[in-house]
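Enquirer: entry-v3.txt (compact mmCIF, C-alpha atoms) pasted underneath:
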```txt
# COMPACT_ATOMS: atom_id res chain seq x y z
CA MET A 1 65.67 -1.60 -5.41
CA PRO A 2 64.77 -4.86 -3.51
CA VAL A 3 61.25 -6.19 -3.31
CA LEU A 4 59.43 -4.36 -0.54
CA THR A 5 56.97 -6.03 1.80
CA ARG A 6 54.67 -4.52 4.33
CA SER A 7 56.31 -6.35 7.23
CA SER A 8 59.80 -5.18 6.27
CA LEU A 9 58.65 -1.60 5.92
CA GLU A 10 56.76 -1.62 9.21
CA ALA A 11 59.88 -2.96 10.93
CA SER A 12 62.10 -0.24 9.43
CA PRO A 13 62.96 2.96 11.34
CA LEU A 14 61.09 6.08 10.28
CA ALA A 15 64.35 7.68 9.10
CA ASP A 16 64.86 4.79 6.64
CA LEU A 17 61.31 5.19 5.38
CA HIS A 18 61.91 8.91 4.82
CA GLU A 19 65.05 8.13 2.83
CA LEU A 20 63.16 5.62 0.71
CA ALA A 21 60.28 8.05 0.17
CA SER A 22 62.77 10.68 -0.98
CA GLU A 23 64.20 8.25 -3.54
CA LEU A 24 60.67 7.54 -4.78
CA GLU A 25 60.02 11.32 -5.02
CA LEU A 26 56.93 11.27 -2.84
CA ASP A 27 55.40 14.68 -2.16
CA GLY A 28 54.84 15.71 1.47
CA PHE A 29 56.10 12.42 2.93
CA ARG A 30 57.46 14.07 6.08
CA ARG A 31 53.92 15.01 7.11
CA LEU A 32 52.61 11.43 6.92
CA ARG A 33 52.22 9.06 9.85
CA LYS A 34 54.28 5.87 9.63
CA ALA A 35 51.34 3.66 8.67
CA ASP A 36 50.23 6.09 5.96
CA LEU A 37 53.79 6.39 4.71
CA VAL A 38 54.08 2.58 4.41
CA ASP A 39 50.84 2.51 2.40
CA ARG A 40 52.08 5.29 0.13
CA ILE A 41 55.45 3.60 -0.49
CA LEU A 42 53.77 0.28 -1.34
CA GLU A 43 51.34 2.08 -3.65
CA VAL A 44 54.09 3.85 -5.59
CA HIS A 45 56.56 0.96 -5.56
CA GLY A 46 53.94 -1.47 -6.79
CA ALA A 47 54.41 -4.12 -4.08
CA GLY A 48 51.46 -5.80 -2.41
CA GLU A 49 51.06 -7.51 0.93
CA ASP A 50 53.66 -10.00 2.23
CA ALA A 51 54.31 -12.75 -0.34
CA GLU A 52 55.24 -16.33 0.26
CA PRO A 53 59.00 -16.85 -0.05
CA ALA A 54 60.03 -17.95 -3.53
CA ALA A 55 61.60 -21.33 -4.13
CA GLY A 56 65.21 -21.27 -3.09
CA ASP A 57 64.70 -18.41 -0.67
CA GLU A 58 64.16 -20.59 2.38
CA GLU A 59 67.03 -20.71 4.85
CA GLN A 60 68.79 -24.07 4.68
CA PRO A 61 69.09 -26.06 7.96
CA GLN A 62 72.49 -26.05 9.68
CA GLU A 63 74.51 -29.24 9.39
CA THR A 64 75.13 -31.23 12.68
CA PRO A 65 78.07 -33.57 13.41
CA GLN A 66 75.75 -36.62 13.48
CA GLU A 67 74.35 -35.86 10.03
CA LYS A 68 76.18 -36.88 6.95
CA LYS A 69 76.33 -34.31 4.26
CA PRO A 70 74.80 -35.76 1.09
CA ALA A 71 76.99 -35.99 -1.95
CA ARG A 72 76.44 -33.50 -4.70
CA PRO A 73 74.58 -34.98 -7.64
CA ARG A 74 76.82 -35.94 -10.54
CA ARG A 75 74.59 -34.09 -13.02
CA ALA A 76 75.29 -30.82 -11.33
CA ARG A 77 79.05 -31.42 -11.60
CA ARG A 78 78.73 -32.23 -15.28
CA THR A 79 76.93 -28.97 -15.75
CA ARG A 80 80.08 -27.14 -14.72
CA ASP A 81 82.28 -29.31 -16.90
CA THR A 82 80.40 -28.76 -20.15
CA ASP A 83 77.68 -26.48 -21.37
CA THR A 84 76.70 -28.74 -24.24
CA ASP A 85 74.95 -31.27 -21.98
CA SER A 86 71.19 -30.97 -22.02
CA GLY A 87 71.33 -31.22 -18.23
CA GLY A 88 73.17 -27.88 -18.22
CA ASP A 89 70.20 -26.15 -19.75
CA ALA A 90 67.92 -27.69 -17.17
CA SER A 91 70.22 -26.60 -14.34
CA VAL A 92 70.30 -23.04 -15.66
CA ALA A 93 66.52 -23.06 -15.93
CA GLU A 94 66.27 -24.27 -12.33
CA ALA A 95 68.68 -21.56 -11.16
CA GLU A 96 66.69 -18.91 -12.97
CA ALA A 97 63.50 -20.22 -11.42
CA GLU A 98 65.04 -20.06 -7.97
CA ALA A 99 66.30 -16.48 -8.45
CA PRO A 100 64.10 -13.81 -6.85
CA ALA A 101 61.78 -12.10 -9.25
CA PRO A 102 62.80 -8.54 -10.18
CA PRO A 103 60.64 -5.76 -8.76
CA PRO A 104 57.86 -4.61 -11.05
CA ALA A 105 58.84 -1.71 -13.26
CA ARG A 106 57.57 1.63 -12.01
CA GLU A 107 55.26 3.07 -14.62
CA PRO A 108 55.93 6.74 -15.32
CA ARG A 109 53.12 9.02 -14.29
CA GLU A 110 51.37 10.81 -17.06
CA GLU A 111 52.12 14.53 -16.77
CA ALA A 112 48.97 16.64 -16.64
CA THR A 113 49.02 19.90 -18.58
CA VAL A 114 46.86 23.01 -18.66
CA GLU A 115 46.19 25.77 -21.13
CA GLY A 116 44.32 28.93 -20.30
CA VAL A 117 44.35 32.68 -19.80
CA VAL A 118 46.35 34.43 -17.08
CA GLU A 119 44.51 36.44 -14.45
CA LEU A 120 46.72 38.41 -12.06
CA LEU A 121 46.03 39.01 -8.39
CA GLY A 122 46.95 42.03 -6.31
CA ASN A 123 49.75 40.16 -4.48
CA GLY A 124 51.65 39.45 -7.71
CA SER A 125 50.54 35.82 -8.13
CA GLY A 126 47.74 34.67 -10.41
CA PHE A 127 45.68 31.89 -11.97
CA VAL A 128 45.43 30.17 -15.31
CA ARG A 129 41.70 30.43 -16.01
CA VAL A 130 40.61 27.43 -18.05
CA ASN A 131 37.23 28.98 -18.89
CA PRO A 132 37.92 32.74 -18.77
CA PRO A 133 36.73 35.00 -17.37
CA ASP A 134 34.88 32.68 -14.99
CA ALA A 135 36.69 30.88 -12.18
CA SER A 136 36.45 27.09 -11.98
CA ASP A 137 37.80 24.16 -10.00
CA ASP A 138 40.11 23.34 -12.91
CA ASP A 139 41.99 26.65 -12.62
CA VAL A 140 45.71 26.41 -11.87
CA TYR A 141 47.72 28.64 -9.52
CA ILE A 142 50.77 30.56 -10.82
CA SER A 143 53.35 31.82 -8.35
CA ALA A 144 54.48 35.43 -8.32
CA ALA A 145 58.03 34.27 -9.08
CA GLN A 146 56.89 32.56 -12.29
CA ILE A 147 54.92 35.62 -13.34
CA ARG A 148 57.96 37.87 -12.88
CA ARG A 149 60.38 35.42 -14.49
CA CYS A 150 58.18 34.92 -17.58
CA GLU A 151 56.96 38.55 -17.55
CA LEU A 152 53.34 37.45 -17.76
CA VAL A 153 50.50 39.95 -17.99
CA GLY A 154 46.78 39.57 -17.59
CA GLY A 155 45.25 38.10 -20.73
CA ASP A 156 48.28 36.06 -21.78
CA ARG A 157 47.42 32.55 -22.95
CA VAL A 158 49.87 30.09 -21.42
CA ALA A 159 50.35 26.34 -21.31
CA GLY A 160 52.48 24.04 -19.18
CA PRO A 161 52.58 21.00 -16.88
CA VAL A 162 50.70 20.91 -13.60
CA ARG A 163 51.36 19.27 -10.25
CA ARG A 164 48.64 18.16 -7.87
CA PRO A 165 47.89 20.30 -4.80
CA ARG A 166 49.65 19.38 -1.60
CA ARG A 167 47.70 18.91 1.62
CA SER A 168 47.86 22.58 2.55
CA GLU A 169 46.92 23.78 -0.94
CA ARG A 170 43.56 24.17 -2.60
CA TYR A 171 44.54 24.44 -6.26
CA PRO A 172 47.01 22.59 -8.47
CA SER A 173 50.10 24.60 -9.37
CA LEU A 174 51.80 25.34 -12.65
CA VAL A 175 55.20 23.64 -12.72
CA ARG A 176 56.60 25.76 -15.55
CA VAL A 177 55.44 27.88 -18.46
CA ASP A 178 56.06 26.16 -21.80
CA THR A 179 54.30 28.55 -24.18
CA ILE A 180 53.09 32.14 -24.03
CA ASN A 181 50.54 33.22 -26.64
CA GLY A 182 51.57 30.30 -28.83
CA GLN A 183 55.30 31.05 -28.64
CA SER A 184 57.97 29.21 -26.72
CA ALA A 185 58.48 30.79 -23.31
CA ASP A 186 62.24 30.78 -23.96
CA GLU A 187 61.78 32.83 -27.13
CA VAL A 188 59.59 35.36 -25.32
CA ALA A 189 62.12 35.65 -22.48
CA GLU A 190 64.92 36.43 -24.94
CA GLY A 191 63.18 39.64 -26.03
CA THR A 192 64.72 43.04 -25.33
CA HIS A 193 64.46 44.18 -21.70
CA PHE A 194 61.95 46.98 -21.12
CA ASP A 195 64.56 49.48 -19.91
CA ASP A 196 66.64 48.89 -23.06
CA LEU A 197 63.81 49.58 -25.52
CA PRO A 198 64.24 52.86 -27.47
CA CYS A 199 61.88 55.60 -26.35
CA ALA A 200 60.77 59.06 -27.47
CA PHE A 201 58.94 62.09 -26.06
CA PRO A 202 55.15 61.70 -25.92
CA SER A 203 53.53 62.86 -29.14
CA GLU A 204 49.99 61.44 -28.99
CA ARG A 205 47.74 63.46 -26.70
CA PHE A 206 44.96 61.85 -24.71
CA GLU A 207 41.68 63.28 -25.93
CA LEU A 208 39.68 63.29 -22.73
CA GLY A 209 36.48 64.51 -24.38
CA SER A 210 35.00 65.88 -21.14
CA ASP A 211 33.04 69.02 -20.31
CA ASP A 212 34.52 69.02 -16.82
CA PRO A 213 36.43 72.32 -16.48
CA THR A 214 39.40 70.71 -14.73
CA LEU A 215 39.80 67.99 -17.38
CA LYS A 216 39.41 70.49 -20.22
CA ALA A 217 42.14 72.67 -18.71
CA ILE A 218 44.43 69.67 -18.26
CA GLU A 219 43.84 68.49 -21.84
CA PHE A 220 44.77 71.79 -23.49
CA LEU A 221 46.90 73.72 -20.97
CA THR A 222 48.87 70.90 -19.31
CA PRO A 223 48.55 68.19 -21.97
CA ILE A 224 49.13 64.51 -21.21
CA GLY A 225 50.10 62.01 -23.89
CA ARG A 226 50.72 58.30 -24.20
CA GLY A 227 53.95 57.71 -22.33
CA SER A 228 53.80 60.91 -20.24
CA ARG A 229 55.35 61.10 -16.79
CA VAL A 230 52.85 63.17 -14.77
CA THR A 231 52.44 64.45 -11.24
CA ILE A 232 49.36 66.26 -9.97
CA THR A 233 50.73 68.44 -7.21
CA GLY A 234 49.37 70.72 -4.53
CA PRO A 235 48.85 70.99 -0.78
CA ALA A 236 46.27 69.01 1.14
CA ARG A 237 42.63 69.72 0.18
CA SER A 238 43.62 71.20 -3.16
CA GLY A 239 41.71 68.46 -5.01
CA LYS A 240 44.48 66.09 -6.15
CA SER A 241 42.53 62.90 -5.47
CA GLU A 242 39.38 64.25 -7.09
CA ALA A 243 41.31 65.31 -10.20
CA LEU A 244 42.86 61.85 -10.36
CA ARG A 245 39.43 60.21 -10.09
CA ARG A 246 38.07 62.29 -12.95
CA LEU A 247 41.10 61.51 -15.08
CA ALA A 248 40.68 57.80 -14.36
CA GLY A 249 37.07 57.94 -15.57
CA ALA A 250 37.99 59.71 -18.81
CA LEU A 251 40.92 57.42 -19.56
CA ALA A 252 38.98 54.24 -18.76
CA ALA A 253 36.52 55.23 -21.51
CA THR A 254 39.36 55.41 -24.07
CA ASP A 255 39.65 52.39 -26.35
CA GLY A 256 42.90 50.45 -26.33
CA LEU A 257 44.06 51.54 -22.87
CA ASP A 258 44.80 49.26 -19.94
CA VAL A 259 44.06 51.50 -16.92
CA ALA A 260 45.10 50.54 -13.38
CA VAL A 261 44.60 52.53 -10.16
CA VAL A 262 46.89 52.11 -7.15
CA LEU A 263 45.92 53.56 -3.76
CA THR A 264 48.79 54.02 -1.31
CA GLY A 265 48.44 55.63 2.10
CA ALA A 266 44.75 56.13 1.32
CA ARG A 267 42.13 56.85 3.96
CA PRO A 268 39.59 54.05 4.48
CA GLU A 269 36.84 56.39 3.28
CA GLU A 270 38.72 57.05 0.03
CA VAL A 271 39.25 53.35 -0.56
CA ALA A 272 35.53 52.71 0.00
CA LEU A 273 34.63 55.53 -2.39
CA TRP A 274 36.83 54.15 -5.18
CA LYS A 275 35.38 50.67 -4.73
CA ALA A 276 31.77 51.81 -4.48
CA GLU A 277 31.65 54.54 -7.13
CA GLY A 278 34.68 53.87 -9.29
CA PRO A 279 35.12 54.88 -11.97
CA VAL A 280 37.87 52.20 -11.90
CA GLU A 281 38.22 49.39 -9.38
CA PRO A 282 41.63 49.78 -7.66
CA ALA A 283 44.11 47.16 -8.80
CA ALA A 284 45.98 47.35 -5.48
CA VAL A 285 45.55 49.11 -2.15
CA ALA A 286 48.00 49.90 0.65
CA GLY A 287 46.00 51.71 3.30
CA LEU A 288 46.75 54.59 5.61
CA ALA A 289 48.47 52.34 8.16
CA ALA A 290 50.72 50.63 5.59
CA SER A 291 54.46 51.09 6.02
CA PRO A 292 56.50 52.98 3.40
CA ASP A 293 58.03 49.71 2.21
CA THR A 294 54.61 48.13 1.77
CA GLN A 295 53.41 51.15 -0.17
CA SER A 296 56.43 51.10 -2.47
CA GLN A 297 56.04 47.35 -3.10
CA THR A 298 52.38 47.85 -3.96
CA VAL A 299 53.27 50.51 -6.51
CA GLU A 300 56.14 48.50 -7.99
CA ARG A 301 53.99 45.42 -8.57
CA CYS A 302 51.45 47.38 -10.60
CA VAL A 303 54.12 49.28 -12.51
CA ASP A 304 55.91 46.02 -13.35
CA THR A 305 52.70 44.61 -14.80
CA ALA A 306 52.18 47.77 -16.86
CA LYS A 307 55.77 47.59 -18.14
CA ARG A 308 55.15 44.10 -19.48
CA ILE A 309 52.02 45.33 -21.27
CA ALA A 310 53.94 48.21 -22.88
CA ALA A 311 56.87 45.99 -23.84
CA ARG A 312 54.50 43.79 -25.85
CA GLY A 313 53.04 46.73 -27.75
CA GLY A 314 50.11 47.65 -25.50
CA ASN A 315 49.24 51.01 -23.99
CA ALA A 316 49.05 51.07 -20.19
CA VAL A 317 48.18 53.83 -17.73
CA VAL A 318 48.87 53.62 -13.98
CA LEU A 319 47.26 56.23 -11.70
CA ILE A 320 48.77 56.44 -8.21
CA ASP A 321 47.12 58.18 -5.25
CA SER A 322 49.52 59.09 -3.85
CA LEU A 323 53.35 59.08 -3.76
CA ASP A 324 53.57 61.03 -0.50
CA GLY A 325 54.07 57.93 1.66
CA VAL A 326 56.37 56.16 -0.81
CA PRO A 327 60.14 56.48 -0.22
CA ALA A 328 61.73 58.96 -2.64
CA PRO A 329 63.88 56.40 -4.54
CA ALA A 330 60.86 54.13 -5.09
CA ALA A 331 58.73 57.09 -6.20
CA ARG A 332 61.36 58.10 -8.78
CA ARG A 333 61.63 54.50 -10.04
CA ALA A 334 57.88 54.32 -10.52
CA LEU A 335 57.74 57.63 -12.37
CA ALA A 336 60.81 56.79 -14.45
CA ALA A 337 59.07 53.71 -15.88
CA ALA A 338 56.76 55.90 -17.99
CA ARG A 339 57.79 56.19 -21.64
CA THR A 340 56.72 55.99 -25.25
CA ILE A 341 58.43 53.05 -26.94
CA VAL A 342 59.52 53.72 -30.51
CA ASP A 343 57.35 51.66 -32.88
CA GLY A 344 55.81 50.00 -29.83
CA GLY A 345 53.56 50.53 -26.86
CA SER A 346 53.50 53.09 -24.09
CA LEU A 347 53.35 53.36 -20.32
CA THR A 348 51.84 56.48 -18.76
CA ILE A 349 52.24 57.20 -15.05
CA ILE A 350 49.97 59.79 -13.42
CA ALA A 351 50.58 60.27 -9.70
CA ALA A 352 49.31 62.61 -7.01
CA SER A 353 52.03 64.18 -4.89
CA THR A 354 52.43 67.20 -2.66
CA GLU A 355 55.57 68.25 -4.55
CA PRO A 356 56.98 67.32 -7.97
CA VAL A 357 59.12 64.18 -7.85
CA GLY A 358 61.50 65.21 -10.63
CA GLY A 359 61.80 64.08 -14.22
CA GLU A 360 58.15 64.71 -15.11
CA THR A 361 57.12 65.48 -18.67
CA THR A 362 53.93 67.12 -17.35
CA VAL A 363 53.19 68.80 -14.02
CA VAL A 364 49.61 69.72 -13.11
CA ALA A 365 49.84 72.10 -10.14
CA LEU A 366 46.59 72.77 -8.26
CA ASP A 367 45.80 76.04 -6.46
CA LEU A 368 44.43 75.65 -2.93
CA GLY A 369 42.99 79.16 -2.93
CA LEU A 370 40.91 78.49 -6.05
CA ALA A 371 39.84 75.03 -4.92
CA SER A 372 38.80 76.18 -1.44
CA THR A 373 36.47 78.77 -2.96
CA ASN A 374 35.06 76.33 -5.57
CA ARG A 375 36.58 78.20 -8.50
CA TYR A 376 37.45 75.71 -11.21
CA PRO A 377 39.61 74.86 -12.95
CA ALA A 378 41.78 75.26 -9.86
CA ILE A 379 45.05 75.01 -11.80
CA ASP A 380 48.13 77.12 -11.12
CA LEU A 381 49.23 77.78 -14.70
CA VAL A 382 52.52 79.33 -13.62
CA ALA A 383 53.61 76.23 -11.71
CA SER A 384 52.13 73.84 -14.27
CA GLY A 385 53.58 72.89 -17.63
CA ALA A 386 54.60 70.21 -20.09
CA VAL A 387 57.90 69.38 -21.79
CA LYS A 388 57.69 69.88 -25.57
CA PRO A 389 53.95 70.69 -25.59
CA GLU A 390 54.09 71.31 -29.33
CA LEU A 391 54.39 67.54 -29.86
CA LEU A 392 51.04 67.09 -28.15
CA VAL A 393 49.00 70.15 -29.13
CA GLY A 394 50.88 71.50 -32.14
CA GLU A 395 52.65 74.82 -32.54
CA GLY A 396 49.43 76.81 -32.28
CA GLY A 397 48.43 75.04 -29.09
CA ALA A 398 51.88 75.61 -27.58
CA GLU A 399 51.59 79.33 -28.31
CA ALA A 400 48.14 79.41 -26.67
CA ILE A 401 49.58 77.77 -23.54
CA ALA A 402 52.39 80.33 -23.40
CA LYS A 403 49.89 83.17 -23.79
CA ALA A 404 47.68 81.81 -20.98
CA ARG A 405 50.66 81.54 -18.65
CA ALA A 406 51.70 85.09 -19.49
CA GLU A 407 48.21 86.33 -18.64
CA ALA A 408 48.33 84.43 -15.35
CA LEU A 409 51.58 86.22 -14.56
CA GLY A 410 49.96 89.58 -15.40
CA ALA A 411 52.44 90.17 -18.21
```
Please go through the file and, once you have read it, give me the structure as structure tokens.

Expert:
Amino acid sequence: MPVLTRSSLEASPLADLHELASELELDGFRRLRKADLVDRILEVHGAGEDAEPAAGDEEQPQETPQEKKPARPRRARRTRDTDTDSGGDASVAEAEAEAPAPPPAREPREEATVEGVVELLGNGSGFVRVNPPDASDDDVYISAAQIRRCELVGGDRVAGPVRRPRRSERYPSLVRVDTINGQSADEVAEGTHFDDLPCAFPSERFELGSDDPTLKAIEFLTPIGRGSRVTITGPARSGKSEALRRLAGALAATDGLDVAVVLTGARPEEVALWKAEGPVEPAAVAGLAASPDTQSQTVERCVDTAKRIAARGGNAVVLIDSLDGVPAPAARRALAAARTIVDGGSLTIIAASTEPVGGETTVVALDLGLASTNRYPAIDLVASGAVKPELLVGEGGAEAIAKARAEALGA
């Protein structure tokens, strides 16, 4: 690349400056004014202000008919005839001195790196927290695409190179993920895909440990285990949301569980109640006015995060209130993600829905007549049930469930 001077750059068309800036890999050069772009190019290229022409660079005067062209010195001719003459060395030295100096070498920029703990946001992106759990100005943004590609979950410790923020950005961004929890990101990515992991029927029941009549009935009559696929069904005002809230509180108190609540199609008052009184802060919210596609995307983001937790041996629970506004295919995909991984983690999905979605391992059906008259537990035992309850409550417990259902039928 030739030596660049300020005057030559200022005289160049803007299109030429853009081409040069692209070759120099300048960030955001198209947003710069011409004067600022010239300054930036000179800064990166290493050239200063206009320099005096080097010896030999001056333009020689044109010869006129009245002027006699001087003869070439004999020493110069001898230089061509032999390279053993000492004058040859001097001539070469003079030629080298007259040659334009090469441009200064461009020093490679030192690549900044970061290491910290991943914190996920509701929109699928996240941050590398350098001093977790507190936020700081040194935190680095991670795009949602990187999180999906590397299957990152909250709490992962990652490291990688960082680029400076552009003019429209507040935080620096992670260029790539080099390591995840001390392992090469490539090695982690080569692990078995979640859907290909071997799974089994739930066999470890959640011990809710509550005196609440509804939770006690759910624990023993419609048992839920790690990896269960559950819907809480019933018409409007039958208490689905309230049952889900109580379940969330009991599960959040269980050690070793990563509990997330997703509100889709929720009334503003319900959202405010969850945020003000808990028992779990919603991980994502798509309100009453949200479109079906927005609701399904909100659910899928949280389920994807929970799948990554389960794939790495953790136990995740996602509670969804509700699936009524989610398109049927998306609702089935969300519910289908629940499973117990053999010799691994588990993902439990518990969702409120007017009707069963299909494929559940446990259905908790609520009775509007009982709920409207404040008779609890308001569970319809005939419509409720669990697949292979003996794995969760034992043979004796399964017999007790069958007996209770028979009594409810009047048999």

Enquirer: Quick check, in Å to one decimal: how far apart do atom CA of A:Ile142 and atom CA of A:Ser184 lie?

Expert: 17.5 Å

Enquirer: Skipping near chain neighbours, those fewer than 3 positions away, what residues fall within 6 Å of A:Leu366 using only C-alpha atoms, listed as a tab-separated table (two decimals) with C-alpha atoms, in the frame of the given file?

Expert:
```tsv
chain	number	residue	atom	x	y	z
A	234	GLY	CA	49.37	70.72	-4.53
A	378	ALA	CA	41.78	75.26	-9.86
A	379	ILE	CA	45.05	75.01	-11.80
A	380	ASP	CA	48.13	77.12	-11.12
```

Enquirer: Check the smallest atom-to-atom distance from each of A:Ala283, A:Ala351, A:Cys199, A:Ala337 to A:Asp258 using all atoms listed in the file, then report the winner.

Expert: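 Nearest to A:Asp258: A:Ala283.
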
Enquirer: Using atom CA of A:Ala352 and atom CA of A:Ala371 as the two end points, give the distance in Å to one decimal.

Expert: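 We find that atom CA of A:Ala352 and atom CA of A:Ala371 lie 15.8 Å from each other.
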
Enquirer: With distances taken over only C-alpha atoms, which residue among A:Gly256, A:Pro356, A:Pro165, A:Gly394 lies nearest A:Thr233?

Expert: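 Ranked by minimum distance to A:Thr233, first place goes to A:Pro356.
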
Enquirer: Between A:Ala236, A:Leu370, A:Val317, A:Leu215, which has the minimum distance to A:Thr254 (counting all atoms listed in the file)?

Expert: A:Val317

Enquirer: Around all listed atoms of stretch 171-188 of chain A, padded 3 Å per side, what centre and edge lengths does the axis-aligned box have in Å to one decimal, as lines of an AutoDock Vina configuration file?

Expert:
```
center_x = 53.4
center_y = 29.0
center_z = -17.5
size_x = 23.7
size_y = 18.8
size_z = 28.6
```

Enquirer: What gap, in Å, lies between atom CA of A:Pro282 and atom CA of A:Arg229?

Expert: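 Here the two named atoms are 20.0 Å from each other.
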
Enquirer: Using all atoms listed in the file, can you tell me which of A:Val118, A:Ile41, A:Ala253, A:Ala408 comes closest to A:Ala144?

Expert: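 Closest to A:Ala144, using all atoms listed in the file: A:Val118.
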
Enquirer: A:Val280: which residues within 12 Å, counting only C-alpha atoms, same-chain residues fewer than 5 positions away excluded, as a ChimeraX atom specification?

Expert: /A:244-253,258-263,271,273-275,317-319

Enquirer: Counting all atoms listed in the file, which of A:Leu32, A:Gly325, A:Asp255, A:Ala284 gets nearest to A:Ser296?

Expert: A:Gly325

Enquirer: Tell me which residues come within 6 Å of (53.2, 41.2, -10.1), as number ranges by chain, counting all atoms listed in the file in the file's coordinates.

Expert: A: 124, 301, 305

Enquirer: Could you pull stretch 35-46 of chain A out of the structure I just pasted and write it to a file containing N, CA, C and O atoms, as an mmCIF file, in the first residue's frame?

Expert:
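Okay, this is what ended up in selection-v1.cif:
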```
data_model
loop_
_atom_site.group_PDB
_atom_site.id
_atom_site.type_symbol
_atom_site.label_atom_id
_atom_site.label_comp_id
_atom_site.auth_asym_id
_atom_site.auth_seq_id
_atom_site.Cartn_x
_atom_site.Cartn_y
_atom_site.Cartn_z
ATOM 1 N N ALA A 35 -13.895 14.138 6.694
ATOM 2 C CA ALA A 35 -12.757 14.585 7.496
ATOM 3 C C ALA A 35 -12.424 13.589 8.590
ATOM 4 O O ALA A 35 -11.246 13.280 8.855
ATOM 5 N N ASP A 36 -13.483 13.058 9.257
ATOM 6 C CA ASP A 36 -13.246 12.061 10.301
ATOM 7 C C ASP A 36 -12.692 10.776 9.716
ATOM 8 O O ASP A 36 -11.849 10.110 10.341
ATOM 9 N N LEU A 37 -13.164 10.419 8.520
ATOM 10 C CA LEU A 37 -12.672 9.199 7.887
ATOM 11 C C LEU A 37 -11.193 9.344 7.525
ATOM 12 O O LEU A 37 -10.410 8.395 7.693
ATOM 13 N N VAL A 38 -10.784 10.515 7.037
ATOM 14 C CA VAL A 38 -9.363 10.741 6.733
ATOM 15 C C VAL A 38 -8.523 10.594 7.989
ATOM 16 O O VAL A 38 -7.472 9.939 7.996
ATOM 17 N N ASP A 39 -8.986 11.199 9.096
ATOM 18 C CA ASP A 39 -8.257 11.062 10.364
ATOM 19 C C ASP A 39 -8.131 9.609 10.790
ATOM 20 O O ASP A 39 -7.079 9.166 11.252
ATOM 21 N N ARG A 40 -9.224 8.872 10.623
ATOM 22 C CA ARG A 40 -9.215 7.453 11.064
ATOM 23 C C ARG A 40 -8.257 6.628 10.206
ATOM 24 O O ARG A 40 -7.532 5.764 10.719
ATOM 25 N N ILE A 41 -8.262 6.871 8.887
ATOM 26 C CA ILE A 41 -7.375 6.120 7.997
ATOM 27 C C ILE A 41 -5.915 6.420 8.336
ATOM 28 O O ILE A 41 -5.081 5.509 8.415
ATOM 29 N N LEU A 42 -5.584 7.707 8.556
ATOM 30 C CA LEU A 42 -4.210 8.058 8.903
ATOM 31 C C LEU A 42 -3.805 7.449 10.235
ATOM 32 O O LEU A 42 -2.669 7.010 10.415
ATOM 33 N N GLU A 43 -4.739 7.403 11.177
ATOM 34 C CA GLU A 43 -4.449 6.817 12.485
ATOM 35 C C GLU A 43 -4.115 5.339 12.371
ATOM 36 O O GLU A 43 -3.153 4.849 12.963
ATOM 37 N N VAL A 44 -4.932 4.607 11.600
ATOM 38 C CA VAL A 44 -4.719 3.162 11.474
ATOM 39 C C VAL A 44 -3.521 2.848 10.590
ATOM 40 O O VAL A 44 -2.723 1.961 10.868
ATOM 41 N N HIS A 45 -3.379 3.621 9.496
ATOM 42 C CA HIS A 45 -2.291 3.342 8.559
ATOM 43 C C HIS A 45 -0.938 3.720 9.125
ATOM 44 O O HIS A 45 0.094 3.189 8.734
ATOM 45 N N GLY A 46 -0.925 4.686 10.047
ATOM 46 C CA GLY A 46 0.332 5.051 10.673
ATOM 47 C C GLY A 46 1.007 6.234 10.014
ATOM 48 O O GLY A 46 2.129 6.585 10.361
#
```
